[in-house]
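Engineer: If it helps, the file is called upload.cif and holds mmCIF, C-alpha atoms and all ligand atoms:
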```cif
data_entry
loop_
_atom_site.label_atom_id
_atom_site.label_comp_id
_atom_site.auth_asym_id
_atom_site.auth_seq_id
_atom_site.Cartn_x
_atom_site.Cartn_y
_atom_site.Cartn_z
CA MET A 1 76.91 101.44 91.38
CA THR A 2 76.78 105.02 90.14
CA THR A 3 79.49 107.21 91.60
CA ALA A 4 80.26 110.83 90.89
CA ILE A 5 83.94 110.09 90.33
CA ARG A 6 84.99 107.08 88.35
CA ALA A 7 88.46 105.49 88.27
CA LYS A 8 90.17 104.59 85.02
CA ILE A 9 93.22 102.55 84.15
CA THR A 10 95.65 104.82 82.31
CA ALA A 11 98.70 102.56 81.94
CA VAL A 12 99.75 98.92 82.19
CA GLY A 13 103.23 97.49 82.78
CA THR A 14 104.25 93.87 83.14
CA TYR A 15 107.30 91.77 83.85
CA VAL A 16 108.24 88.10 83.74
CA PRO A 17 111.70 86.85 84.69
CA PRO A 18 113.85 85.73 81.74
CA ARG A 19 114.34 82.04 82.71
CA VAL A 20 111.90 79.75 80.89
CA LEU A 21 110.78 76.28 82.00
CA THR A 22 109.23 74.38 79.09
CA ASN A 23 107.07 71.28 79.13
CA ALA A 24 110.06 69.44 77.67
CA ASP A 25 112.07 70.50 80.74
CA LEU A 26 109.27 69.25 83.02
CA GLU A 27 109.20 65.89 81.20
CA LYS A 28 112.74 65.38 82.54
CA MET A 29 111.72 66.31 86.11
CA VAL A 30 108.40 64.47 86.67
CA ASP A 31 106.28 61.80 84.98
CA THR A 32 104.39 64.02 82.53
CA THR A 33 104.18 64.88 78.85
CA ASP A 34 103.87 68.03 76.79
CA GLU A 35 100.73 66.52 75.27
CA TRP A 36 99.04 65.97 78.68
CA ILE A 37 99.85 69.48 79.88
CA MET A 38 98.69 71.14 76.65
CA GLU A 39 95.49 69.15 76.53
CA ARG A 40 94.50 69.31 80.22
CA VAL A 41 95.79 72.79 81.10
CA GLY A 42 96.99 74.60 77.95
CA ILE A 43 100.45 75.62 79.13
CA ARG A 44 103.55 75.28 76.95
CA GLU A 45 106.06 77.19 79.08
CA ARG A 46 106.31 79.39 82.15
CA HIS A 47 108.91 81.87 83.47
CA LEU A 48 110.68 81.33 86.78
CA VAL A 49 112.86 83.59 88.91
CA ASP A 50 116.47 82.88 89.77
CA LYS A 51 117.42 82.48 93.42
CA GLY A 52 117.27 85.76 95.32
CA VAL A 53 114.58 87.36 93.15
CA ALA A 54 111.35 88.05 95.05
CA ALA A 55 107.82 89.33 94.44
CA SER A 56 108.86 92.94 95.15
CA ASP A 57 111.57 92.71 92.45
CA LEU A 58 109.07 91.57 89.81
CA ALA A 59 106.67 94.30 90.95
CA VAL A 60 109.35 96.99 90.64
CA GLU A 61 110.24 95.84 87.11
CA ALA A 62 106.54 95.89 86.15
CA VAL A 63 106.24 99.48 87.40
CA LYS A 64 109.39 100.48 85.48
CA ASN A 65 107.87 99.01 82.32
CA LEU A 66 104.63 100.88 83.03
CA LEU A 67 106.65 104.10 83.33
CA ALA A 68 108.44 103.41 80.05
CA SER A 69 105.10 103.24 78.21
CA HIS A 70 103.46 106.06 80.19
CA PRO A 71 106.02 108.47 81.65
CA PHE A 72 104.90 110.41 84.73
CA ASP A 73 106.40 111.55 88.03
CA LEU A 74 106.30 108.53 90.37
CA GLN A 75 106.38 110.94 93.32
CA GLU A 76 102.73 111.71 92.54
CA VAL A 77 101.69 108.17 93.57
CA GLU A 78 99.60 108.45 96.74
CA LEU A 79 98.80 104.76 97.30
CA ILE A 80 100.34 101.40 96.38
CA VAL A 81 98.17 98.27 96.61
CA VAL A 82 99.88 94.92 95.98
CA GLY A 83 98.04 91.66 95.42
CA THR A 84 100.28 88.72 96.30
CA VAL A 85 100.32 85.37 98.10
CA THR A 86 104.09 85.12 97.83
CA PRO A 87 105.28 88.25 99.64
CA ASP A 88 109.06 88.57 100.01
CA MET A 89 108.49 87.74 103.68
CA MET A 90 105.66 87.63 106.24
CA TYR A 91 106.32 91.29 106.96
CA PRO A 92 107.02 94.07 106.08
CA SER A 93 104.41 94.16 103.35
CA THR A 94 105.47 93.93 99.73
CA ALA A 95 103.90 97.38 99.25
CA CYS A 96 106.49 98.80 101.70
CA LEU A 97 109.34 97.05 99.91
CA VAL A 98 108.14 98.30 96.51
CA GLN A 99 107.75 101.86 97.86
CA HIS A 100 111.30 101.78 99.20
CA LYS A 101 112.86 100.28 96.06
CA LEU A 102 111.11 102.84 93.85
CA GLY A 103 111.90 105.72 96.23
CA ILE A 104 108.35 107.07 96.29
CA LYS A 105 108.31 109.47 99.23
CA ASN A 106 104.78 110.56 100.17
CA THR A 107 102.67 107.48 99.72
CA TRP A 108 101.17 104.66 101.72
CA GLY A 109 100.07 101.16 100.84
CA PHE A 110 99.20 97.64 101.78
CA ASP A 111 99.07 94.07 100.48
CA VAL A 112 95.97 92.14 99.54
CA SER A 113 95.91 88.35 100.00
CA ALA A 114 93.24 86.83 97.79
CA GLY A 115 94.99 84.03 95.91
CA CYS A 116 94.40 84.16 92.19
CA SER A 117 91.83 86.94 92.70
CA GLY A 118 94.60 89.06 94.26
CA PHE A 119 94.99 91.51 91.40
CA LEU A 120 91.24 91.97 90.96
CA TYR A 121 90.71 92.56 94.68
CA ALA A 122 93.65 95.00 94.80
CA LEU A 123 92.23 96.78 91.74
CA ASN A 124 88.81 97.15 93.32
CA ALA A 125 90.35 98.45 96.55
CA GLY A 126 92.37 101.02 94.59
CA VAL A 127 89.29 102.04 92.61
CA LYS A 128 87.43 102.91 95.83
CA PHE A 129 90.20 105.34 96.86
CA ILE A 130 89.98 107.13 93.51
CA GLU A 131 86.16 107.19 93.74
CA SER A 132 86.44 108.82 97.18
CA GLY A 133 87.76 111.92 95.45
CA GLN A 134 90.78 112.10 97.76
CA TYR A 135 93.23 110.21 95.52
CA LYS A 136 94.47 111.06 92.04
CA LYS A 137 97.15 108.42 91.42
CA VAL A 138 97.05 104.86 92.72
CA LEU A 139 99.41 102.05 91.68
CA VAL A 140 97.82 98.60 91.71
CA ILE A 141 100.21 95.69 91.37
CA GLY A 142 99.84 91.92 91.17
CA SER A 143 103.04 89.98 91.72
CA ASP A 144 103.72 86.35 92.54
CA VAL A 145 106.74 84.09 92.71
CA ASN A 146 104.86 80.81 92.69
CA SER A 147 108.07 78.83 92.25
CA SER A 148 108.89 79.74 95.86
CA MET A 149 106.08 77.44 97.09
CA THR A 150 106.02 74.81 94.34
CA ASP A 151 107.06 71.23 94.93
CA PHE A 152 108.85 70.38 91.70
CA THR A 153 108.34 66.66 92.37
CA ASP A 154 104.51 67.04 92.44
CA ARG A 155 103.41 66.68 88.81
CA ALA A 156 99.83 67.81 89.47
CA VAL A 157 101.08 71.21 90.72
CA CYS A 158 104.48 72.03 89.23
CA ILE A 159 103.20 72.05 85.65
CA ILE A 160 100.64 74.76 86.39
CA PHE A 161 102.41 77.69 87.99
CA GLY A 162 104.80 80.41 86.82
CA ASP A 163 106.24 83.67 88.16
CA GLY A 164 105.22 87.11 86.93
CA ALA A 165 103.88 90.55 87.74
CA GLY A 166 101.86 93.42 86.36
CA ALA A 167 100.99 96.93 87.42
CA VAL A 168 98.31 99.43 86.45
CA LEU A 169 97.95 103.12 87.18
CA LEU A 170 94.54 104.30 88.35
CA GLU A 171 93.47 107.93 87.91
CA PRO A 172 90.13 109.74 87.98
CA ALA A 173 88.26 109.40 84.68
CA SER A 174 87.82 112.65 82.80
CA SER A 175 84.99 111.74 80.47
CA ASP A 176 81.63 110.12 81.17
CA GLY A 177 81.43 106.42 80.64
CA GLU A 178 85.14 105.64 80.74
CA GLY A 179 86.76 103.63 83.49
CA ILE A 180 85.76 101.02 86.04
CA ILE A 181 81.99 100.60 85.82
CA ASP A 182 81.17 97.98 88.43
CA HIS A 183 82.50 95.01 90.35
CA VAL A 184 81.18 91.97 92.18
CA ALA A 185 83.11 89.76 94.57
CA GLN A 186 82.56 86.92 97.00
CA ILE A 187 84.62 84.84 99.41
CA GLU A 188 83.67 81.31 100.45
CA GLY A 189 86.06 80.08 103.12
CA MET A 190 84.99 76.47 102.83
CA GLY A 191 87.33 76.40 99.82
CA GLY A 192 90.36 76.75 102.08
CA GLU A 193 90.77 73.00 102.31
CA PHE A 194 91.17 72.60 98.54
CA LEU A 195 94.03 75.03 97.87
CA PHE A 196 96.37 76.18 100.62
CA MET A 197 99.89 76.38 101.98
CA PRO A 198 99.75 74.99 105.53
CA GLY A 199 103.24 75.78 106.80
CA GLY A 200 104.96 78.97 107.86
CA GLY A 201 101.97 80.80 109.32
CA SER A 202 100.89 81.14 112.95
CA LEU A 203 99.09 77.77 112.87
CA ASN A 204 102.14 75.79 111.77
CA PRO A 205 105.21 78.00 112.29
CA ALA A 206 108.19 76.93 110.20
CA SER A 207 110.13 74.07 111.78
CA HIS A 208 112.14 71.06 110.63
CA GLU A 209 108.90 69.12 110.90
CA THR A 210 106.88 71.45 108.66
CA VAL A 211 109.61 71.34 106.05
CA ASP A 212 109.97 67.54 106.26
CA GLN A 213 106.21 67.28 105.75
CA LYS A 214 106.37 69.64 102.75
CA MET A 215 103.96 72.05 104.43
CA HIS A 216 105.65 75.05 102.77
CA TYR A 217 104.39 73.94 99.37
CA ILE A 218 101.09 74.47 97.50
CA HIS A 219 98.56 71.79 98.50
CA GLN A 220 95.84 71.43 95.91
CA ASP A 221 92.82 69.26 95.22
CA GLY A 222 92.85 70.07 91.52
CA LYS A 223 89.56 68.44 90.64
CA ASN A 224 87.54 70.35 93.24
CA VAL A 225 89.29 73.63 92.44
CA PHE A 226 88.56 73.08 88.76
CA LYS A 227 84.86 72.38 89.35
CA TYR A 228 84.45 75.41 91.60
CA ALA A 229 86.35 77.68 89.20
CA VAL A 230 84.18 76.74 86.20
CA LYS A 231 80.97 77.26 88.18
CA LYS A 232 82.00 80.47 89.93
CA MET A 233 83.63 82.17 86.94
CA SER A 234 80.32 81.82 85.08
CA GLU A 235 78.25 82.88 88.08
CA MET A 236 80.26 86.07 88.68
CA THR A 237 80.39 87.12 85.03
CA GLU A 238 76.68 86.46 84.55
CA ARG A 239 75.88 88.39 87.75
CA ILE A 240 77.81 91.52 86.75
CA LEU A 241 76.46 91.53 83.19
CA GLU A 242 72.90 91.03 84.35
CA ARG A 243 72.93 93.82 86.89
CA ASN A 244 74.30 96.19 84.24
CA GLN A 245 71.66 95.04 81.70
CA LEU A 246 74.36 93.63 79.44
CA SER A 247 74.99 90.28 77.79
CA GLY A 248 78.09 88.44 76.58
CA GLN A 249 77.49 89.94 73.12
CA ASP A 250 78.08 93.46 74.49
CA VAL A 251 81.57 92.57 75.76
CA ASP A 252 84.44 93.46 73.42
CA CYS A 253 87.20 91.76 75.38
CA PHE A 254 87.16 89.08 78.09
CA ILE A 255 90.09 88.62 80.45
CA ALA A 256 89.83 85.73 82.88
CA HIS A 257 92.41 84.65 85.41
CA GLN A 258 94.67 82.23 83.54
CA ALA A 259 94.47 79.04 85.62
CA ASN A 260 93.49 76.49 83.02
CA ARG A 261 92.58 77.02 79.36
CA ARG A 262 89.52 74.83 79.80
CA ILE A 263 88.15 77.01 82.62
CA ILE A 264 88.48 80.14 80.45
CA THR A 265 86.88 78.66 77.35
CA ALA A 266 84.04 77.06 79.35
CA THR A 267 83.18 80.49 80.81
CA ALA A 268 83.36 82.20 77.42
CA ASP A 269 81.15 79.49 75.95
CA ARG A 270 78.55 79.99 78.65
CA LEU A 271 78.53 83.75 77.94
CA GLY A 272 78.19 83.09 74.22
CA MET A 273 81.43 84.89 73.53
CA PRO A 274 83.52 83.99 70.48
CA LEU A 275 87.13 83.00 71.17
CA GLU A 276 88.46 86.07 69.27
CA LYS A 277 87.28 88.21 72.18
CA VAL A 278 88.92 86.00 74.81
CA ILE A 279 92.49 86.69 75.89
CA ILE A 280 94.54 83.55 76.41
CA ASN A 281 98.25 83.68 77.18
CA ILE A 282 98.43 80.83 79.70
CA ASP A 283 100.44 78.90 77.09
CA ARG A 284 103.33 81.38 77.54
CA TYR A 285 103.20 82.20 81.24
CA GLY A 286 101.26 79.49 83.10
CA ASN A 287 99.30 80.53 86.18
CA THR A 288 101.14 83.50 87.70
CA THR A 289 98.41 84.01 90.37
CA ALA A 290 98.11 87.81 90.88
CA GLY A 291 100.14 88.44 87.73
CA THR A 292 97.76 86.89 85.19
CA ILE A 293 95.24 89.69 84.68
CA PRO A 294 97.68 92.56 84.02
CA LEU A 295 99.77 90.17 81.87
CA ALA A 296 96.61 89.40 79.88
CA MET A 297 95.84 93.15 79.59
CA ARG A 298 99.29 93.63 78.05
CA THR A 299 98.69 90.72 75.63
CA ALA A 300 95.28 92.17 74.69
CA LEU A 301 96.81 95.58 73.97
CA GLU A 302 99.67 94.08 71.95
CA GLU A 303 97.28 91.93 69.90
CA GLY A 304 95.00 94.92 69.23
CA LYS A 305 92.11 93.18 71.03
CA LEU A 306 91.65 95.94 73.61
CA LYS A 307 91.16 99.53 72.44
CA LYS A 308 89.87 102.82 73.82
CA GLY A 309 86.11 102.61 74.30
CA ASP A 310 85.99 98.79 74.45
CA LEU A 311 83.90 97.08 77.11
CA LEU A 312 86.27 94.81 79.04
CA LEU A 313 85.02 92.06 81.34
CA ILE A 314 87.52 90.71 83.89
CA ALA A 315 86.94 87.66 86.09
CA ALA A 316 88.94 85.69 88.62
CA VAL A 317 88.61 82.76 90.99
CA GLY A 318 91.27 81.78 93.48
CA ALA A 319 92.33 80.19 96.73
CA GLY A 320 90.09 80.99 99.66
CA PHE A 321 87.87 80.54 97.75
CA THR A 322 87.81 84.07 96.39
CA SER A 323 86.06 85.21 93.24
CA GLY A 324 85.07 88.37 91.46
CA ALA A 325 84.32 90.15 88.21
CA THR A 326 84.86 93.73 87.07
CA LEU A 327 83.46 95.69 84.13
CA VAL A 328 85.63 98.35 82.53
CA ARG A 329 85.12 100.85 79.69
CA TRP A 330 88.75 100.90 78.50
CA ALA A 331 90.20 104.38 78.49
CA PHE A 332 93.33 104.34 76.28
N1 LIG B 401 101.00 64.66 83.82
C1 LIG B 401 100.43 63.50 83.56
N2 LIG B 401 99.43 62.99 84.29
C2 LIG B 401 99.02 63.69 85.34
C3 LIG B 401 99.57 64.93 85.69
C4 LIG B 401 100.62 65.41 84.89
N3 LIG B 401 101.23 66.58 85.12
N4 LIG B 401 98.94 65.41 86.77
C5 LIG B 401 98.02 64.52 87.11
N5 LIG B 401 98.07 63.47 86.25
C6 LIG B 401 97.26 62.25 86.23
C7 LIG B 401 96.62 61.95 87.57
O1 LIG B 401 97.52 61.27 88.41
C8 LIG B 401 95.47 61.08 87.14
O2 LIG B 401 95.94 59.78 86.91
P1 LIG B 401 95.06 58.49 87.33
O3 LIG B 401 93.81 58.61 86.50
O4 LIG B 401 95.94 57.36 86.96
O5 LIG B 401 94.81 58.65 88.79
C9 LIG B 401 95.05 61.66 85.80
O6 LIG B 401 96.16 62.42 85.33
C10 LIG B 401 93.84 62.55 85.87
O7 LIG B 401 94.04 63.41 87.00
P2 LIG B 401 93.03 64.53 87.35
O8 LIG B 401 93.47 65.21 88.61
O9 LIG B 401 91.65 63.97 87.28
O10 LIG B 401 93.28 65.50 86.10
P3 LIG B 401 92.49 66.79 85.72
O11 LIG B 401 91.98 66.64 84.35
O12 LIG B 401 91.56 67.22 86.79
O13 LIG B 401 93.68 67.85 85.64
C11 LIG B 401 94.53 69.68 86.92
C12 LIG B 401 94.41 68.15 86.80
C13 LIG B 401 95.29 70.01 88.19
C14 LIG B 401 95.28 70.21 85.70
C15 LIG B 401 93.08 70.27 86.92
O14 LIG B 401 92.32 69.62 87.89
C16 LIG B 401 93.08 71.73 87.20
O15 LIG B 401 93.48 72.53 86.37
N6 LIG B 401 92.55 72.13 88.37
C17 LIG B 401 92.50 73.52 88.76
C18 LIG B 401 93.82 73.91 89.31
C19 LIG B 401 93.93 75.41 89.40
O16 LIG B 401 93.46 76.10 88.55
N7 LIG B 401 94.61 75.89 90.44
C20 LIG B 401 94.77 77.28 90.66
C21 LIG B 401 93.50 77.87 91.09
S1 LIG B 401 93.39 79.53 90.78
#
```
Take the structure in the file and give it back as structure tokens.

Structural biologist:
Amino acid sequence: MTTAIRAKITAVGTYVPPRVLTNADLEKMVDTTDEWIMERVGIRERHLVDKGVAASDLAVEAVKNLLASHPFDLQEVELIVVGTVTPDMMYPSTACLVQHKLGIKNTWGFDVSAGCSGFLYALNAGVKFIESGQYKKVLVIGSDVNSSMTDFTDRAVCIIFGDGAGAVLLEPASSDGEGIIDHVAQIEGMGGEFLFMPGGGSLNPASHETVDQKMHYIHQDGKNVFKYAVKKMSEMTERILERNQLSGQDVDCFIAHQANRRIITATADRLGMPLEKVIINIDRYGNTTAGTIPLAMRTALEEGKLKKGDLLLIAAVGAGFTSGATLVRWAF
């Protein structure tokens, strides 16, 4: 837990595509209502890409927005880690495409596939490189184009997801106490049957048959995912607080993966955390998979709910199942 060098987040940039799909729009596409979606999930609208826009494009825009708020020489970036389950293509990695589009010369990178925990897992991987002492600037990105694998005739799925991206810059922390304090994570592969995309991989390579059977879409057992998410989000947050001798009262700001408003508030409740400390923007963006946590960081900063010195608790649960939590002493 204690390392000589700590990593800190020094900048955040986000991007969502301009096109908005509202609940009213969805009412015209499937048998649903604004009231049902708001009550059961908490989403009012989500942003979707236009044809030809991919995860790397959203990622690049997020990095450009990060640069606008925190100018620095991009050529100093030594590593790019991208969390995504909707890469532009099976290969090359989205990290390679982002590197090329941004023209960063002396860097390397890779993608992390961890469903809705993708950003958190990418963040924790990036942190370890900073903590090694060999890296001074790491870009961690979460980017997903969920509309590329959404069946817009499946009302239980198409209401939930949106497209979006976010990026953070990791650098060594200069003062004691600031930065990424600790993280916990766990994968439980039995969850694979509840949330998955069966087509297009080596098991079911794309064919007319896989497309006819809608195997290139998100398959979800919402009820089981919901139950697991509520249980695991609490378990991970309690575990990380306990092993750092902290309680929910010590946390200044709580950012949970935005999958369902009820999952977030149930976790906050369990931690005894008042809603003012909980960041919720799922109403505006829906579930953007690896995009939600940096998008929520941006919301927290804009709303003045995350300030230098604050103790930030981040938690995520996603397909896999994957889960994790991270504790941060916010540094700017
Ligand atoms: N509009 C209206 N009714 C809908 C609907 C929609 N968009 N989607 C499902 N329903 C219906 C169901 O058909 C069902 O009808 P029935 O009772 O006649 O069979 C009823 O609503 C209740 O369905 P249920 O699946 O029990 O609803 P729910 O309260 O569990 O909510 C989810 C469904 C998907 C919103 C919820 O389970 C969920 O959020 N799960 C987690 C999903 C998730 O987070 N995925 C990403 C993981 S990171």

Engineer: Name the residues in contact with stretch 223-238 of chain A at a cut-off of 7 Å, using only C-alpha atoms, excluding same-chain residues fewer than 2 positions from it; report them as a PyMOL selection string.

Structural biologist: chain A and resi 184+194+221+240-242+263+266-267+270+315-317+324-325

Engineer: If I take atom C14 of ligand LIG 401 (chain B) and atom CA of A:Lys51, how far is one from the other in Å, to one decimal?

Structural biologist: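 Between atom C14 of ligand LIG 401 (chain B) and atom CA of A:Lys51 the gap is 26.5 Å.
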
Engineer: Return as a count of residues only the residues of protein, DNA or RNA that approach ligand LIG 401 (chain B) to within 6 Å, with only C-alpha atoms and all ligand atoms taken into account.

Structural biologist: 17

Engineer: Which residue out of A:Gly118, A:Pro87, A:Gly103, A:Gln220 has the minimum interatomic distance to A:Gly191 when all atoms listed in the file are used?

Structural biologist: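 So, comparing all the options, the nearest one is A:Gln220.
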
Engineer: For stretch 148-225 of chain A against stretch 4-24 of chain A, with a cut-off of 7 Å and counting only C-alpha atoms, what is the closest atom pair and its distance in Å to one decimal for every residue that makes the cut, ordered by chain and number, as JSON lines?

Structural biologist:
```
{"residue": "A:Asp163", "atom": "CA", "partner": "A:Val16", "partner_atom": "CA", "distance": 6.6}
{"residue": "A:Gly164", "atom": "CA", "partner": "A:Val16", "partner_atom": "CA", "distance": 4.5}
{"residue": "A:Ala165", "atom": "CA", "partner": "A:Tyr15", "partner_atom": "CA", "distance": 5.3}
{"residue": "A:Gly166", "atom": "CA", "partner": "A:Thr14", "partner_atom": "CA", "distance": 4.0}
{"residue": "A:Ala167", "atom": "CA", "partner": "A:Gly13", "partner_atom": "CA", "distance": 5.2}
{"residue": "A:Val168", "atom": "CA", "partner": "A:Val12", "partner_atom": "CA", "distance": 4.5}
{"residue": "A:Leu169", "atom": "CA", "partner": "A:Ala11", "partner_atom": "CA", "distance": 5.3}
{"residue": "A:Leu170", "atom": "CA", "partner": "A:Ile9", "partner_atom": "CA", "distance": 4.7}
{"residue": "A:Glu171", "atom": "CA", "partner": "A:Lys8", "partner_atom": "CA", "distance": 5.5}
{"residue": "A:Pro172", "atom": "CA", "partner": "A:Ala7", "partner_atom": "CA", "distance": 4.6}
{"residue": "A:Ala173", "atom": "CA", "partner": "A:Lys8", "partner_atom": "CA", "distance": 5.2}
{"residue": "A:Glu178", "atom": "CA", "partner": "A:Lys8", "partner_atom": "CA", "distance": 6.7}
{"residue": "A:Gly179", "atom": "CA", "partner": "A:Lys8", "partner_atom": "CA", "distance": 3.9}
{"residue": "A:Ile180", "atom": "CA", "partner": "A:Ala7", "partner_atom": "CA", "distance": 5.7}
```

Engineer: With distances taken over all atoms listed in the file, which of A:Ala290, A:Cys253, A:Val82, A:Val30 is nearest to A:Lys308?

Structural biologist: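 Using all atoms listed in the file, A:Lys308 sits closest to A:Cys253.
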
Engineer: Figure out the distance between atom CA of A:Asp144 and atom CA of A:Phe196, please, to one decimal in Å.

Structural biologist: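 Rounded to one decimal, the two atoms are 14.9 Å apart.
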
Engineer: For stretch 275-289 of chain A, list every protein, DNA or RNA residue within 6 Å, evaluated using all atoms listed in the file, and leave out those in the same chain fewer than 2 positions away; present the list as an mmCIF file with C-alpha atoms, in the coordinates of the input.

Structural biologist:
```cif
data_model
loop_
_atom_site.group_PDB
_atom_site.id
_atom_site.type_symbol
_atom_site.label_atom_id
_atom_site.label_comp_id
_atom_site.auth_asym_id
_atom_site.auth_seq_id
_atom_site.Cartn_x
_atom_site.Cartn_y
_atom_site.Cartn_z
ATOM 1 C CA GLY A 42 96.990 74.600 77.950
ATOM 2 C CA ILE A 43 100.450 75.620 79.130
ATOM 3 C CA ARG A 44 103.550 75.280 76.950
ATOM 4 C CA GLU A 45 106.060 77.190 79.080
ATOM 5 C CA ARG A 46 106.310 79.390 82.150
ATOM 6 C CA CYS A 116 94.400 84.160 92.190
ATOM 7 C CA ILE A 160 100.640 74.760 86.390
ATOM 8 C CA PHE A 161 102.410 77.690 87.990
ATOM 9 C CA GLY A 162 104.800 80.410 86.820
ATOM 10 C CA ASP A 163 106.240 83.670 88.160
ATOM 11 C CA GLY A 164 105.220 87.110 86.930
ATOM 12 C CA CYS A 253 87.200 91.760 75.380
ATOM 13 C CA PHE A 254 87.160 89.080 78.090
ATOM 14 C CA ILE A 255 90.090 88.620 80.450
ATOM 15 C CA GLN A 258 94.670 82.230 83.540
ATOM 16 C CA ALA A 259 94.470 79.040 85.620
ATOM 17 C CA GLY A 291 100.140 88.440 87.730
ATOM 18 C CA THR A 292 97.760 86.890 85.190
#
```

Engineer: Calculated over only C-alpha atoms, which of the candidates A:Ala185, A:Ile293, A:Cys158, A:Ile218 has the smallest distance to A:Gly83?

Structural biologist: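 Among the listed residues, the smallest separation from A:Gly83 belongs to A:Ile293.
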
Engineer: Just give me the gap between atom CA of A:Ile80 and atom CA of A:Met297 in Å, one decimal is fine.

Structural biologist: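 These atoms are spaced 19.2 Å apart.
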
Engineer: Hey, which of A:Ser93, A:His257, A:Lys307, A:Ala268 ends up closest to A:Ser113? Count all atoms listed in the file.

Structural biologist: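 Nearest to A:Ser113: A:Ser93.
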
Engineer: Looking at only C-alpha atoms, which of A:Asp34, A:Asp88, A:Glu78, A:Asp250 is the one that sits closest to A:Met149?

Structural biologist: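 Using only C-alpha atoms, the shortest distance to A:Met149 belongs to A:Asp88.
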
Engineer: A:Met29, A:Leu66, A:Ala122, A:Ile314: which is nearest A:Arg329, counting all atoms listed in the file?

Structural biologist: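 Using all atoms listed in the file, A:Arg329 sits closest to A:Ile314.
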
Engineer: At the level of C-alpha atoms, write stretch 260-304 of chain A to a file as a CSV table (one decimal), in the first residue's frame, please.

Structural biologist:
```
chain,number,residue,atom,x,y,z
A,260,ASN,CA,-28.2,2.9,-12.9
A,261,ARG,CA,-29.1,5.7,-10.5
A,262,ARG,CA,-30.4,3.1,-8.0
A,263,ILE,CA,-27.1,1.2,-7.9
A,264,ILE,CA,-25.3,4.4,-7.0
A,265,THR,CA,-27.6,5.6,-4.4
A,266,ALA,CA,-27.9,2.2,-2.8
A,267,THR,CA,-24.1,2.1,-2.4
A,268,ALA,CA,-24.0,5.6,-1.0
A,269,ASP,CA,-26.7,4.7,1.4
A,270,ARG,CA,-24.8,1.7,2.7
A,271,LEU,CA,-21.7,3.9,3.2
A,272,GLY,CA,-23.8,6.5,5.1
A,273,MET,CA,-22.9,9.1,2.6
A,274,PRO,CA,-25.2,12.1,1.9
A,275,LEU,CA,-26.3,12.6,-1.7
A,276,GLU,CA,-24.5,16.0,-1.9
A,277,LYS,CA,-21.2,14.0,-1.9
A,278,VAL,CA,-22.3,11.7,-4.7
A,279,ILE,CA,-21.8,12.6,-8.3
A,280,ILE,CA,-24.7,11.6,-10.6
A,281,ASN,CA,-24.7,12.6,-14.2
A,282,ILE,CA,-26.3,9.4,-15.7
A,283,ASP,CA,-29.4,11.5,-16.5
A,284,ARG,CA,-27.3,13.4,-19.1
A,285,TYR,CA,-25.0,10.8,-20.5
A,286,GLY,CA,-26.5,7.3,-19.7
A,287,ASN,CA,-24.0,4.5,-19.2
A,288,THR,CA,-20.9,5.3,-21.4
A,289,THR,CA,-19.0,2.2,-20.0
A,290,ALA,CA,-15.3,3.3,-19.7
A,291,GLY,CA,-16.3,7.0,-20.2
A,292,THR,CA,-18.5,7.4,-17.0
A,293,ILE,CA,-15.8,7.9,-14.4
A,294,PRO,CA,-13.8,10.7,-16.1
A,295,LEU,CA,-17.1,12.3,-17.2
A,296,ALA,CA,-18.2,12.2,-13.6
A,297,MET,CA,-14.9,13.7,-12.5
A,298,ARG,CA,-15.5,16.6,-14.9
A,299,THR,CA,-19.1,17.1,-13.5
A,300,ALA,CA,-17.7,17.0,-9.9
A,301,LEU,CA,-15.1,19.7,-10.8
A,302,GLU,CA,-17.7,21.9,-12.6
A,303,GLU,CA,-20.1,21.6,-9.7
A,304,GLY,CA,-17.4,22.5,-7.2
```
